[in-house]
$ cat input-v8.pdb   # PDB, C-alpha atoms and all ligand atoms
ATOM      1  CA  MET A   1      -7.151  -7.939  -0.280
ATOM      2  CA  THR A   2      -6.945 -10.527  -3.031
ATOM      3  CA  HIS A   3      -5.472 -10.047  -6.474
ATOM      4  CA  ALA A   4      -8.888 -10.337  -8.145
ATOM      5  CA  HIS A   5     -10.220  -7.512  -5.986
ATOM      6  CA  PHE A   6      -8.452  -4.943  -8.171
ATOM      7  CA  ARG A   7      -8.750  -3.916 -11.817
ATOM      8  CA  PRO A   8      -6.617  -1.739 -14.083
ATOM      9  CA  GLY A   9      -7.637   1.884 -13.647
ATOM     10  CA  ASP A  10      -8.586   1.533  -9.987
ATOM     11  CA  GLN A  11      -7.391   4.254  -7.633
ATOM     12  CA  VAL A  12      -5.694   2.750  -4.609
ATOM     13  CA  VAL A  13      -3.687   3.932  -1.648
ATOM     14  CA  ILE A  14      -0.648   2.332  -0.063
ATOM     15  CA  LEU A  15      -0.980   3.235   3.589
ATOM     16  CA  LYS A  16       2.243   4.469   5.137
ATOM     17  CA  GLY A  17       1.448   5.928   8.509
ATOM     18  CA  VAL A  18      -0.620   8.319  10.574
ATOM     19  CA  ALA A  19      -1.074  12.080  10.365
ATOM     20  CA  GLY A  20      -3.343  14.260  12.491
ATOM     21  CA  GLY A  21      -5.435  11.349  13.726
ATOM     22  CA  GLU A  22      -5.942   9.786  10.298
ATOM     23  CA  LEU A  23      -4.202   7.210   8.191
ATOM     24  CA  TRP A  24      -2.193   8.530   5.267
ATOM     25  CA  GLY A  25      -0.457   6.991   2.321
ATOM     26  CA  ASP A  26       0.442   7.310  -1.336
ATOM     27  CA  ALA A  27      -2.390   7.365  -3.884
ATOM     28  CA  MET A  28      -1.653   5.353  -7.014
ATOM     29  CA  THR A  29      -3.355   4.011 -10.114
ATOM     30  CA  VAL A  30      -3.513   0.292 -10.882
ATOM     31  CA  VAL A  31      -1.952  -0.326 -14.310
ATOM     32  CA  THR A  32      -1.560  -4.017 -15.059
ATOM     33  CA  PRO A  33      -1.004  -7.408 -13.405
ATOM     34  CA  SER A  34       2.638  -8.001 -12.520
ATOM     35  CA  TRP A  35       4.537 -10.685 -10.678
ATOM     36  CA  HIS A  36       5.528  -9.653  -7.159
ATOM     37  CA  THR A  37       8.916 -11.330  -6.806
ATOM     38  CA  PRO A  38       9.478 -10.642  -3.066
ATOM     39  CA  THR A  39       6.480 -12.863  -2.206
ATOM     40  CA  ASP A  40       6.399 -14.993  -5.399
ATOM     41  CA  GLU A  41       2.729 -14.153  -5.759
ATOM     42  CA  ASP A  42       0.547 -12.224  -8.199
ATOM     43  CA  GLY A  43       0.871  -8.490  -7.781
ATOM     44  CA  TRP A  44      -0.120  -5.302  -9.536
ATOM     45  CA  ARG A  45       1.933  -2.681 -11.295
ATOM     46  CA  LEU A  46       0.996   0.745  -9.930
ATOM     47  CA  ARG A  47       1.630   4.223 -11.271
ATOM     48  CA  ASP A  48       2.543   6.933  -8.807
ATOM     49  CA  PRO A  49       1.574  10.353 -10.213
ATOM     50  CA  ASN A  50       4.313  11.964  -8.077
ATOM     51  CA  GLY A  51       6.728   9.099  -8.481
ATOM     52  CA  GLY A  52       9.641  10.662 -10.322
ATOM     53  CA  GLN A  53      12.235   7.916 -10.743
ATOM     54  CA  GLN A  54       9.888   5.372  -9.223
ATOM     55  CA  THR A  55       6.780   6.181 -11.219
ATOM     56  CA  PHE A  56       5.998   2.488 -11.636
ATOM     57  CA  ILE A  57       6.213   0.039  -8.764
ATOM     58  CA  THR A  58       4.903  -3.471  -8.259
ATOM     59  CA  ALA A  59       2.910  -4.084  -5.098
ATOM     60  CA  HIS A  60       1.260  -7.065  -3.476
ATOM     61  CA  PRO A  61      -2.549  -6.743  -3.384
ATOM     62  CA  ARG A  62      -2.595  -6.924   0.390
ATOM     63  CA  TYR A  63      -0.682  -3.626   0.526
ATOM     64  CA  MET A  64      -3.437  -1.908  -1.451
ATOM     65  CA  VAL A  65      -6.733  -0.288  -0.436
ATOM     66  CA  HIS A  66      -9.271   1.213  -2.800
ATOM     67  CA  LEU A  67      -9.459   4.971  -2.829
ATOM     68  CA  SER A  68     -12.132   5.487  -5.460
ATOM     69  CA  ARG A  69     -14.622   2.802  -4.525
ATOM     70  CA  ARG A  70     -15.950   2.597  -1.023
ATOM     71  CA  CYS A  71     -16.255  -1.161  -1.072
ATOM     72  CA  PRO A  72     -17.019  -3.173   2.074
ATOM     73  CA  ASP A  73     -13.813  -5.232   2.006
ATOM     74  CA  CYS A  74     -11.595  -2.184   1.941
ATOM     75  CA  LEU A  75     -13.679  -0.346   4.543
ATOM     76  CA  ILE A  76     -13.427  -3.270   6.954
ATOM     77  CA  TYR A  77      -9.678  -3.394   6.450
ATOM     78  CA  LEU A  78      -9.345   0.363   6.940
ATOM     79  CA  ARG A  79     -11.429   0.331  10.117
ATOM     80  CA  ALA A  80      -9.375  -2.502  11.582
ATOM     81  CA  LEU A  81      -6.156  -0.676  10.800
ATOM     82  CA  GLU A  82      -7.490   2.561  12.269
ATOM     83  CA  ASP A  83      -8.612   0.831  15.465
ATOM     84  CA  TYR A  84      -5.195  -0.696  15.821
ATOM     85  CA  LEU A  85      -3.003   2.226  14.841
ATOM     86  CA  LEU A  86      -4.702   5.497  15.718
ATOM     87  CA  PRO A  87      -4.643   4.996  19.518
ATOM     88  CA  LYS A  88      -0.887   4.420  19.337
ATOM     89  CA  PHE A  89      -0.323   7.771  17.660
ATOM     90  CA  ALA A  90      -3.119   9.760  19.309
ATOM     91  CA  ASP A  91      -0.720  12.528  20.357
ATOM     92  CA  ALA A  92       1.064  12.815  17.040
ATOM     93  CA  HIS A  93       0.432  16.086  15.247
ATOM     94  CA  THR A  94       2.977  15.564  12.539
ATOM     95  CA  GLU A  95       3.100  12.999   9.782
ATOM     96  CA  ILE A  96       4.344   9.668  11.088
ATOM     97  CA  ASP A  97       5.848   7.289   8.527
ATOM     98  CA  CYS A  98       5.660   3.868  10.099
ATOM     99  CA  GLY A  99       8.403   2.583   7.799
ATOM    100  CA  TRP A 100       6.505  -0.495   6.693
ATOM    101  CA  TYR A 101       7.689  -0.432   3.093
ATOM    102  CA  SER A 102      10.875  -0.422   1.133
ATOM    103  CA  THR A 103      11.446  -0.583  -2.614
ATOM    104  CA  THR A 104      13.846  -3.007  -4.283
ATOM    105  CA  ALA A 105      16.208  -2.187  -7.149
ATOM    106  CA  LEU A 106      13.586  -3.688  -9.482
ATOM    107  CA  ASN A 107      10.903  -1.308  -8.178
ATOM    108  CA  GLN A 108       9.138  -3.970  -6.179
ATOM    109  CA  LEU A 109       7.435  -2.617  -3.082
ATOM    110  CA  VAL A 110       8.089  -4.838  -0.066
ATOM    111  CA  HIS A 111       6.401  -4.809   3.316
ATOM    112  CA  ILE A 112       8.759  -5.415   6.238
ATOM    113  CA  ALA A 113       6.824  -8.605   7.027
ATOM    114  CA  ASP A 114       7.670  -9.934   3.540
ATOM    115  CA  VAL A 115      11.393  -9.150   3.498
ATOM    116  CA  ARG A 116      13.252 -12.424   3.328
ATOM    117  CA  GLY A 117      16.712 -12.814   4.725
ATOM    118  CA  GLY A 118      19.520 -12.917   2.216
ATOM    119  CA  ARG A 119      17.469 -12.106  -0.866
TER     120      ARG A 119
HETATM  121 ZN    ZN B 201     -11.809  -2.495  -2.454
END

$ encode --input "input-v8.pdb" --output "structure tokens"
Amino acid sequence: MTHAHFRPGDQVVILKGVAGGELWGDAMTVVTPSWHTPTDEDGWRLRDPNGGQQTFITAHPRYMVHLSRRCPDCLIYLRALEDYLLPKFADAHTEIDCGWYSTTALNQLVHIADVRGGR
């Protein structure tokens, strides 16, 4: 997804894994544009309603999928991810966290593909 695809107030999900034959993740609300330092690109500040100490995190738009709006871009992305992932975990009956994301000390969410060595 691109940065312009999202607006403050949008409900999004950060997909984290597979559970019972479906994708699962954390639902969050888009708050405001914010610089995503791990990728040096435009990101979004998100509010996690169950976040506790990490109520606000900054995510890259490509980590995000719309929850509230069933828009074609997000549906295509979801389908592709399902086709790729669900067969791998077809026998899993528990929640599988694929471990794609970590959070930096500055509450920046980082995908494993974006973690840079030594920074
Ligand atoms: Zn969308």

$ residues_around --input "input-v8.pdb" --residues "Phe6 of chain A" --least-positions-apart "3" --cutoff "8 Å" --atoms "all atoms listed in the file" --output "ChimeraX atom specification"
/A:2-3,10,30,61

$ resolve_selection --input "input-v8.pdb" --expression "the PyMOL selection byres (((not hetatm)) within 7 of (chain B and resi 201))" --output "list in words"
His5, Val65, His66, Arg69, Arg70, Cys71, Pro72, Asp73 and Cys74 of chain A

$ atom_distance --input "input-v8.pdb" --atom1 "atom CA of Thr58 of chain A" --atom2 "atom CA of Gly43 of chain A"
6.5 Å

$ residues_around --input "input-v8.pdb" --residues "Glu95 of chain A" --least-positions-apart "2" --cutoff "7 Å" --atoms "all atoms listed in the file" --output "list in words"
Val18, Ala19, His93 and Asp97 of chain A

$ closest_residue --input "input-v8.pdb" --among "A:Asn107, A:Asp83, A:Tyr63, A:Ile76" --to "Arg47 of chain A" --atoms "only C-alpha atoms"
A:Asn107

$ residues_near_point --input "input-v8.pdb" --point "(5.4, -11.4, -5.5)" --cutoff "12 Å" --atoms "only C-alpha atoms" --output "mmCIF file with C-alpha atoms, in the coordinates of the input"
data_model
loop_
_atom_site.group_PDB
_atom_site.id
_atom_site.type_symbol
_atom_site.label_atom_id
_atom_site.label_comp_id
_atom_site.auth_asym_id
_atom_site.auth_seq_id
_atom_site.Cartn_x
_atom_site.Cartn_y
_atom_site.Cartn_z
ATOM 1 C CA HIS A 3 -5.472 -10.047 -6.474
ATOM 2 C CA PRO A 33 -1.004 -7.408 -13.405
ATOM 3 C CA SER A 34 2.638 -8.001 -12.520
ATOM 4 C CA TRP A 35 4.537 -10.685 -10.678
ATOM 5 C CA HIS A 36 5.528 -9.653 -7.159
ATOM 6 C CA THR A 37 8.916 -11.330 -6.806
ATOM 7 C CA PRO A 38 9.478 -10.642 -3.066
ATOM 8 C CA THR A 39 6.480 -12.863 -2.206
ATOM 9 C CA ASP A 40 6.399 -14.993 -5.399
ATOM 10 C CA GLU A 41 2.729 -14.153 -5.759
ATOM 11 C CA ASP A 42 0.547 -12.224 -8.199
ATOM 12 C CA GLY A 43 0.871 -8.490 -7.781
ATOM 13 C CA TRP A 44 -0.120 -5.302 -9.536
ATOM 14 C CA ARG A 45 1.933 -2.681 -11.295
ATOM 15 C CA ILE A 57 6.213 0.039 -8.764
ATOM 16 C CA THR A 58 4.903 -3.471 -8.259
ATOM 17 C CA ALA A 59 2.910 -4.084 -5.098
ATOM 18 C CA HIS A 60 1.260 -7.065 -3.476
ATOM 19 C CA PRO A 61 -2.549 -6.743 -3.384
ATOM 20 C CA ARG A 62 -2.595 -6.924 0.390
ATOM 21 C CA TYR A 63 -0.682 -3.626 0.526
ATOM 22 C CA THR A 104 13.846 -3.007 -4.283
ATOM 23 C CA LEU A 106 13.586 -3.688 -9.482
ATOM 24 C CA ASN A 107 10.903 -1.308 -8.178
ATOM 25 C CA GLN A 108 9.138 -3.970 -6.179
ATOM 26 C CA LEU A 109 7.435 -2.617 -3.082
ATOM 27 C CA VAL A 110 8.089 -4.838 -0.066
ATOM 28 C CA HIS A 111 6.401 -4.809 3.316
ATOM 29 C CA ASP A 114 7.670 -9.934 3.540
ATOM 30 C CA VAL A 115 11.393 -9.150 3.498
ATOM 31 C CA ARG A 116 13.252 -12.424 3.328
#

$ atom_distance --input "input-v8.pdb" --atom1 "atom CA of Gly99 of chain A" --atom2 "atom CA of Leu75 of chain A"
22.5 Å

$ atom_distance --input "input-v8.pdb" --atom1 "atom CA of Pro49 of chain A" --atom2 "atom CA of Val13 of chain A"
11.9 Å

$ closest_residue --input "input-v8.pdb" --among "A:Asn50, A:Gly17, A:Met28, A:Met64" --to "Lys88 of chain A" --atoms "only C-alpha atoms"
A:Gly17

$ closest_residue --input "input-v8.pdb" --among "A:Gly25, A:Pro8, A:Met1, A:Ala80" --to "Cys98 of chain A" --atoms "all atoms listed in the file"
A:Gly25

$ axis_aligned_box --input "input-v8.pdb" --around "segment 5-23 of chain A" --padding-each-side "4 Å" --output "AutoDock Vina command-line options"
--center_x -4.0 --center_y 3.4 --center_z -0.2 --size_x 20.5 --size_y 29.8 --size_z 35.8

$ closest_residue --input "input-v8.pdb" --among "A:Val12, A:Arg7, A:Ala113, A:Thr103" --to "Trp24 of chain A" --atoms "all atoms listed in the file"
A:Val12

$ closest_residue --input "input-v8.pdb" --among "A:Ile112, A:Leu67, A:Leu46, A:Leu23" --to "Gln11 of chain A" --atoms "all atoms listed in the file"
A:Leu67

$ closest_residue --input "input-v8.pdb" --among "A:Arg79, A:Leu85, A:Thr55, A:Ala92" --to "Val31 of chain A" --atoms "all atoms listed in the file"
A:Thr55

$ decode --input "input-v8.pdb" --residues "segment 39-81 of chain A" --atoms "N, CA and C atoms" --output "PDB file, in the first residue's frame"
ATOM      1  N   THR A  39      12.903   2.883   7.583  1.00  0.00           N
ATOM      2  CA  THR A  39      12.973   2.830   6.118  1.00  0.00           C
ATOM      3  C   THR A  39      13.272   4.200   5.518  1.00  0.00           C
ATOM      4  N   ASP A  40      13.309   5.252   6.357  1.00  0.00           N
ATOM      5  CA  ASP A  40      13.461   6.629   5.867  1.00  0.00           C
ATOM      6  C   ASP A  40      12.398   6.970   4.828  1.00  0.00           C
ATOM      7  N   GLU A  41      11.177   6.570   5.119  1.00  0.00           N
ATOM      8  CA  GLU A  41      10.058   6.867   4.232  1.00  0.00           C
ATOM      9  C   GLU A  41       8.881   7.350   5.067  1.00  0.00           C
ATOM     10  N   ASP A  42       7.876   7.914   4.379  1.00  0.00           N
ATOM     11  CA  ASP A  42       6.673   8.372   5.071  1.00  0.00           C
ATOM     12  C   ASP A  42       5.937   7.192   5.689  1.00  0.00           C
ATOM     13  N   GLY A  43       5.547   7.361   6.937  1.00  0.00           N
ATOM     14  CA  GLY A  43       4.779   6.332   7.615  1.00  0.00           C
ATOM     15  C   GLY A  43       3.539   6.928   8.255  1.00  0.00           C
ATOM     16  N   TRP A  44       2.898   6.130   9.076  1.00  0.00           N
ATOM     17  CA  TRP A  44       1.708   6.579   9.791  1.00  0.00           C
ATOM     18  C   TRP A  44       1.833   6.207  11.264  1.00  0.00           C
ATOM     19  N   ARG A  45       1.419   7.141  12.104  1.00  0.00           N
ATOM     20  CA  ARG A  45       1.313   6.842  13.527  1.00  0.00           C
ATOM     21  C   ARG A  45      -0.009   6.129  13.748  1.00  0.00           C
ATOM     22  N   LEU A  46       0.040   5.004  14.454  1.00  0.00           N
ATOM     23  CA  LEU A  46      -1.149   4.187  14.700  1.00  0.00           C
ATOM     24  C   LEU A  46      -1.412   4.085  16.192  1.00  0.00           C
ATOM     25  N   ARG A  47      -2.681   3.992  16.544  1.00  0.00           N
ATOM     26  CA  ARG A  47      -3.052   3.809  17.945  1.00  0.00           C
ATOM     27  C   ARG A  47      -3.591   2.400  18.140  1.00  0.00           C
ATOM     28  N   ASP A  48      -2.991   1.697  19.066  1.00  0.00           N
ATOM     29  CA  ASP A  48      -3.414   0.342  19.393  1.00  0.00           C
ATOM     30  C   ASP A  48      -4.320   0.408  20.613  1.00  0.00           C
ATOM     31  N   PRO A  49      -5.596   0.046  20.466  1.00  0.00           N
ATOM     32  CA  PRO A  49      -6.527   0.173  21.605  1.00  0.00           C
ATOM     33  C   PRO A  49      -6.129  -0.716  22.781  1.00  0.00           C
ATOM     34  N   ASN A  50      -5.350  -1.776  22.523  1.00  0.00           N
ATOM     35  CA  ASN A  50      -4.904  -2.659  23.606  1.00  0.00           C
ATOM     36  C   ASN A  50      -3.412  -2.505  23.847  1.00  0.00           C
ATOM     37  N   GLY A  51      -2.871  -1.364  23.477  1.00  0.00           N
ATOM     38  CA  GLY A  51      -1.426  -1.226  23.380  1.00  0.00           C
ATOM     39  C   GLY A  51      -0.666  -1.138  24.679  1.00  0.00           C
ATOM     40  N   GLY A  52      -1.296  -0.650  25.757  1.00  0.00           N
ATOM     41  CA  GLY A  52      -0.546  -0.492  26.987  1.00  0.00           C
ATOM     42  C   GLY A  52       0.590   0.493  26.800  1.00  0.00           C
ATOM     43  N   GLN A  53       1.825   0.024  27.079  1.00  0.00           N
ATOM     44  CA  GLN A  53       2.995   0.890  26.961  1.00  0.00           C
ATOM     45  C   GLN A  53       3.288   1.290  25.531  1.00  0.00           C
ATOM     46  N   GLN A  54       2.817   0.510  24.583  1.00  0.00           N
ATOM     47  CA  GLN A  54       3.064   0.831  23.182  1.00  0.00           C
ATOM     48  C   GLN A  54       1.749   1.163  22.494  1.00  0.00           C
ATOM     49  N   THR A  55       1.026   2.114  23.076  1.00  0.00           N
ATOM     50  CA  THR A  55      -0.260   2.503  22.512  1.00  0.00           C
ATOM     51  C   THR A  55      -0.076   3.120  21.134  1.00  0.00           C
ATOM     52  N   PHE A  56       0.999   3.925  20.997  1.00  0.00           N
ATOM     53  CA  PHE A  56       1.258   4.559  19.704  1.00  0.00           C
ATOM     54  C   PHE A  56       2.517   3.980  19.076  1.00  0.00           C
ATOM     55  N   ILE A  57       2.370   3.519  17.831  1.00  0.00           N
ATOM     56  CA  ILE A  57       3.544   3.049  17.099  1.00  0.00           C
ATOM     57  C   ILE A  57       3.514   3.682  15.712  1.00  0.00           C
ATOM     58  N   THR A  58       4.674   3.731  15.088  1.00  0.00           N
ATOM     59  CA  THR A  58       4.756   4.241  13.723  1.00  0.00           C
ATOM     60  C   THR A  58       5.041   3.075  12.794  1.00  0.00           C
ATOM     61  N   ALA A  59       4.201   2.965  11.758  1.00  0.00           N
ATOM     62  CA  ALA A  59       4.314   1.837  10.832  1.00  0.00           C
ATOM     63  C   ALA A  59       4.493   2.343   9.404  1.00  0.00           C
ATOM     64  N   HIS A  60       5.111   1.525   8.587  1.00  0.00           N
ATOM     65  CA  HIS A  60       5.204   1.823   7.164  1.00  0.00           C
ATOM     66  C   HIS A  60       3.874   1.432   6.505  1.00  0.00           C
ATOM     67  N   PRO A  61       3.419   2.220   5.526  1.00  0.00           N
ATOM     68  CA  PRO A  61       2.108   1.895   4.920  1.00  0.00           C
ATOM     69  C   PRO A  61       2.036   0.496   4.321  1.00  0.00           C
ATOM     70  N   ARG A  62       3.159  -0.065   3.910  1.00  0.00           N
ATOM     71  CA  ARG A  62       3.040  -1.399   3.321  1.00  0.00           C
ATOM     72  C   ARG A  62       2.811  -2.485   4.365  1.00  0.00           C
ATOM     73  N   TYR A  63       2.904  -2.145   5.648  1.00  0.00           N
ATOM     74  CA  TYR A  63       2.564  -3.119   6.693  1.00  0.00           C
ATOM     75  C   TYR A  63       1.057  -3.140   6.964  1.00  0.00           C
ATOM     76  N   MET A  64       0.347  -2.152   6.417  1.00  0.00           N
ATOM     77  CA  MET A  64      -1.030  -1.890   6.849  1.00  0.00           C
ATOM     78  C   MET A  64      -2.050  -2.361   5.808  1.00  0.00           C
ATOM     79  N   VAL A  65      -3.186  -2.875   6.306  1.00  0.00           N
ATOM     80  CA  VAL A  65      -4.300  -3.255   5.446  1.00  0.00           C
ATOM     81  C   VAL A  65      -5.563  -2.680   6.060  1.00  0.00           C
ATOM     82  N   HIS A  66      -6.440  -2.167   5.231  1.00  0.00           N
ATOM     83  CA  HIS A  66      -7.686  -1.602   5.742  1.00  0.00           C
ATOM     84  C   HIS A  66      -8.582  -2.665   6.354  1.00  0.00           C
ATOM     85  N   LEU A  67      -9.143  -2.325   7.482  1.00  0.00           N
ATOM     86  CA  LEU A  67     -10.089  -3.213   8.149  1.00  0.00           C
ATOM     87  C   LEU A  67     -11.513  -2.737   7.851  1.00  0.00           C
ATOM     88  N   SER A  68     -11.703  -1.430   7.882  1.00  0.00           N
ATOM     89  CA  SER A  68     -13.048  -0.878   7.803  1.00  0.00           C
ATOM     90  C   SER A  68     -13.566  -0.829   6.371  1.00  0.00           C
ATOM     91  N   ARG A  69     -12.683  -0.483   5.430  1.00  0.00           N
ATOM     92  CA  ARG A  69     -13.138  -0.341   4.063  1.00  0.00           C
ATOM     93  C   ARG A  69     -12.688  -1.531   3.245  1.00  0.00           C
ATOM     94  N   ARG A  70     -13.590  -2.140   2.563  1.00  0.00           N
ATOM     95  CA  ARG A  70     -13.237  -3.282   1.737  1.00  0.00           C
ATOM     96  C   ARG A  70     -12.812  -2.761   0.370  1.00  0.00           C
ATOM     97  N   CYS A  71     -11.644  -2.172   0.296  1.00  0.00           N
ATOM     98  CA  CYS A  71     -11.230  -1.563  -0.953  1.00  0.00           C
ATOM     99  C   CYS A  71     -10.455  -2.573  -1.798  1.00  0.00           C
ATOM    100  N   PRO A  72     -10.501  -2.442  -3.092  1.00  0.00           N
ATOM    101  CA  PRO A  72      -9.894  -3.435  -3.994  1.00  0.00           C
ATOM    102  C   PRO A  72      -8.408  -3.641  -3.733  1.00  0.00           C
ATOM    103  N   ASP A  73      -7.662  -2.576  -3.509  1.00  0.00           N
ATOM    104  CA  ASP A  73      -6.215  -2.718  -3.304  1.00  0.00           C
ATOM    105  C   ASP A  73      -5.913  -3.629  -2.125  1.00  0.00           C
ATOM    106  N   CYS A  74      -6.616  -3.383  -1.021  1.00  0.00           N
ATOM    107  CA  CYS A  74      -6.354  -4.171   0.170  1.00  0.00           C
ATOM    108  C   CYS A  74      -6.836  -5.605  -0.008  1.00  0.00           C
ATOM    109  N   LEU A  75      -7.954  -5.791  -0.703  1.00  0.00           N
ATOM    110  CA  LEU A  75      -8.463  -7.146  -0.925  1.00  0.00           C
ATOM    111  C   LEU A  75      -7.483  -7.963  -1.762  1.00  0.00           C
ATOM    112  N   ILE A  76      -6.930  -7.337  -2.790  1.00  0.00           N
ATOM    113  CA  ILE A  76      -5.968  -8.038  -3.646  1.00  0.00           C
ATOM    114  C   ILE A  76      -4.754  -8.460  -2.827  1.00  0.00           C
ATOM    115  N   TYR A  77      -4.294  -7.540  -1.993  1.00  0.00           N
ATOM    116  CA  TYR A  77      -3.132  -7.824  -1.149  1.00  0.00           C
ATOM    117  C   TYR A  77      -3.436  -8.960  -0.178  1.00  0.00           C
ATOM    118  N   LEU A  78      -4.627  -8.903   0.434  1.00  0.00           N
ATOM    119  CA  LEU A  78      -5.015  -9.940   1.389  1.00  0.00           C
ATOM    120  C   LEU A  78      -5.105 -11.309   0.722  1.00  0.00           C
ATOM    121  N   ARG A  79      -5.732 -11.337  -0.454  1.00  0.00           N
ATOM    122  CA  ARG A  79      -5.872 -12.606  -1.179  1.00  0.00           C
ATOM    123  C   ARG A  79      -4.519 -13.209  -1.496  1.00  0.00           C
ATOM    124  N   ALA A  80      -3.595 -12.344  -1.965  1.00  0.00           N
ATOM    125  CA  ALA A  80      -2.264 -12.832  -2.329  1.00  0.00           C
ATOM    126  C   ALA A  80      -1.558 -13.416  -1.110  1.00  0.00           C
ATOM    127  N   LEU A  81      -1.711 -12.722   0.017  1.00  0.00           N
ATOM    128  CA  LEU A  81      -1.066 -13.184   1.241  1.00  0.00           C
ATOM    129  C   LEU A  81      -1.690 -14.493   1.719  1.00  0.00           C
TER     130      LEU A  81
END
